[in-house]
Amino acid sequence: MIRVAVVDDERLVRSGLRMILGTAPDIEMVADCGGAEAVETVLRCAADVVLLDIRMPDVDGLTVLRGLRAAPEPPAVAMLTTFDAQEYLTAALREGAAGFLLKDSDPEQLVRAVRTLAEGGSVLDPGVTRAVIGGYLTAEDQASATRAVSGLTPRESEVLALLGEGLANAQIAGRMGLAPSTVKDHVRALLGKLGGINRIQAAIVADRAGLVSGDPRGAW
């Protein structure tokens with residue numbers, strides 16, 4: 001069972017997400033709250049996945065994200081955003097967000113996103129893809145991405161390319177014919193070699209280094 005917490009200052013939004021996710025047999029809503037009590041609540045209920053509003057009036061989403069990421073075993077966090085919050089997206093990515101979803105995402109998309117996050121994958125709503133990647137690429141150009149991946153082993157480069165397609169560990173394992181635990185080890189190693197970045201950042205590096213065939217954004 002995937003344990004999910006929703007953090008949003010609007011009670012109506014929390015109730016709507018609870019209703020949507022409550023229809024999935026493999027998802028359990030363990031908490032919903034505002035920003036002020038978010039870190040304590042989420043860690044106490046041991047959530048696997050957190051859907052976190054990026055902008056809140058009391059304690060903003062970036063502050064909550066930092067608190068959650070500082071935990072010994074942090075949950076996967078996807079930021080809930082709107083079209084007018086682009087200035088926050090790159091900051092959230094650098095703070096370790098594992099995904100970005102629009103608040104009005106399709107219910108089926110939300111359920112799929114939670115499952116992907118629980119499996120160690122990344123999620124990126126097409127509506128915010130351009131803003132997230134565009135903002136990050138101002139600091140991560142093709143030349144620096146190519147230099148960054150030069151220290152990876154051939155197997156790590158192959159795993160990175162699949163990360164660039166937006167695949168979760170289990171999907172990468174199936175594609176490569178490896179055990180999920182082996183893929184997890186490869187992912188941990190390559191993220192460390194790339195400077196301790198997260199999966200979305202790694203996917204962008206893979207794209208800019210020319211490791212991804214086609215357009216990886218369609219996989220997210």
# chains A, B, ... in the order shown; residues from 1 in each chain; ligands from 1
>>> select_by_dssp(residues="segment 33-130 of chain A", states="strand (DSSP E or B)", output="ChimeraX atom specification")
/A:33,49-53,76-81,99-102,123-124
>>> select_by_dssp(residues="segment 145-180 of chain A", states="alpha helix (DSSP H)", output="list in words")
Ala145, Thr146, Arg147, Ala148, Val149, Pro154, Arg155, Glu156, Ser157, Glu158, Val159, Leu160, Ala161, Leu162, Leu163, Gly164, Asn169, Ala170, Gln171, Ile172, Ala173, Gly174, Arg175, Met176 and Pro180 of chain A
>>> atom_distance(atom1="atom CA of Thr153 of chain A", atom2="atom CA of Gly120 of chain A")
21.5 Å
>>> atom_distance(atom1="atom CA of Asp32 of chain A", atom2="atom CA of Val7 of chain A")
5.7 Å
>>> closest_residue(among="A:Ala189, A:Met29, A:Leu21, A:Val123", to="Gly151 of chain A", atoms="only C-alpha atoms")
A:Ala189
>>> atom_distance(atom1="atom CA of Gly22 of chain A", atom2="atom CA of Ser105 of chain A")
15.8 Å
>>> residues_around(residues="Leu68 of chain A", least_positions_apart="5", cutoff="9 Å", atoms="only C-alpha atoms", output="list in words")
Ala38, Val39, Glu40, Val42, Leu43, Thr63, Glu73, Pro74, Pro75 and Val77 of chain A
>>> write_last_selection(atoms="N, CA, C and O atoms", output="short mmCIF file (atom, residue, chain, number, x, y, z; two decimals), in the first residue's frame")
data_model
loop_
_atom_site.label_atom_id
_atom_site.label_comp_id
_atom_site.auth_asym_id
_atom_site.auth_seq_id
_atom_site.Cartn_x
_atom_site.Cartn_y
_atom_site.Cartn_z
N ALA A 38 3.18 20.73 8.35
CA ALA A 38 3.40 19.72 7.32
C ALA A 38 4.55 18.77 7.63
O ALA A 38 4.39 17.55 7.57
N VAL A 39 5.73 19.30 7.96
CA VAL A 39 6.90 18.43 8.13
C VAL A 39 6.67 17.44 9.26
O VAL A 39 6.87 16.23 9.10
N GLU A 40 6.21 17.93 10.39
CA GLU A 40 5.96 17.05 11.53
C GLU A 40 4.90 16.01 11.21
O GLU A 40 5.06 14.81 11.52
N VAL A 42 3.81 14.85 8.19
CA VAL A 42 4.21 13.90 7.15
C VAL A 42 5.20 12.87 7.69
O VAL A 42 5.07 11.67 7.43
N LEU A 43 6.17 13.33 8.46
CA LEU A 43 7.17 12.38 8.99
C LEU A 43 6.56 11.47 10.04
O LEU A 43 6.93 10.28 10.14
N THR A 63 10.02 25.70 1.76
CA THR A 63 10.45 25.49 3.14
C THR A 63 10.07 24.09 3.62
O THR A 63 10.87 23.39 4.25
N GLU A 73 15.04 9.35 6.02
CA GLU A 73 14.43 8.61 4.92
C GLU A 73 13.30 9.46 4.35
O GLU A 73 12.12 9.24 4.66
N PRO A 74 13.64 10.44 3.52
CA PRO A 74 12.62 11.38 3.03
C PRO A 74 11.64 10.73 2.06
O PRO A 74 12.01 9.82 1.31
N PRO A 75 10.39 11.19 2.07
CA PRO A 75 9.43 10.70 1.08
C PRO A 75 9.71 11.32 -0.28
O PRO A 75 10.46 12.30 -0.40
N VAL A 77 8.58 13.66 -3.12
CA VAL A 77 7.73 14.85 -3.07
C VAL A 77 7.49 15.38 -4.46
O VAL A 77 8.44 15.67 -5.21
#
>>> residues_around(residues="segment 99-102 of chain A", least_positions_apart="5", cutoff="6 Å", atoms="only C-alpha atoms", output="PyMOL selection string")
chain A and resi 78-82+122-125
>>> closest_residue(among="A:Arg208, A:Arg3, A:Lys184, A:Arg44", to="Ala143 of chain A", atoms="only C-alpha atoms")
A:Arg208
>>> closest_residue(among="A:Val59, A:Val30, A:Glu108, A:Ser144", to="Met1 of chain A", atoms="only C-alpha atoms")
A:Val30
>>> residues_around(residues="Met56 of chain A", least_positions_apart="4", cutoff="12 Å", atoms="only C-alpha atoms", output="ChimeraX atom specification")
/A:7-10,33-36,38,52,60-64,79-81,85,88
>>> write_last_selection(atoms="C-alpha atoms", output="CSV table (one decimal), in the first residue's frame")
chain,number,residue,atom,x,y,z
A,7,VAL,CA,-0.1,19.4,1.9
A,8,ASP,CA,-2.1,22.4,0.7
A,9,ASP,CA,-3.4,25.5,2.4
A,10,GLU,CA,-6.8,25.1,0.7
A,33,CYS,CA,-2.7,19.4,6.2
A,34,GLY,CA,-1.5,23.0,5.7
A,35,GLY,CA,2.1,24.1,5.5
A,36,ALA,CA,2.7,25.1,9.2
A,38,ALA,CA,3.4,19.7,7.3
A,52,LEU,CA,2.9,19.5,-1.8
A,60,ASP,CA,5.7,28.0,1.7
A,61,GLY,CA,6.2,24.8,-0.2
A,62,LEU,CA,10.0,25.2,-0.6
A,63,THR,CA,10.5,25.5,3.1
A,64,VAL,CA,8.4,22.3,3.7
A,79,MET,CA,5.0,19.9,-6.1
A,80,LEU,CA,1.5,20.9,-6.9
A,81,THR,CA,1.6,24.1,-9.0
A,85,ALA,CA,4.3,29.8,-10.3
A,88,TYR,CA,9.4,28.6,-7.9
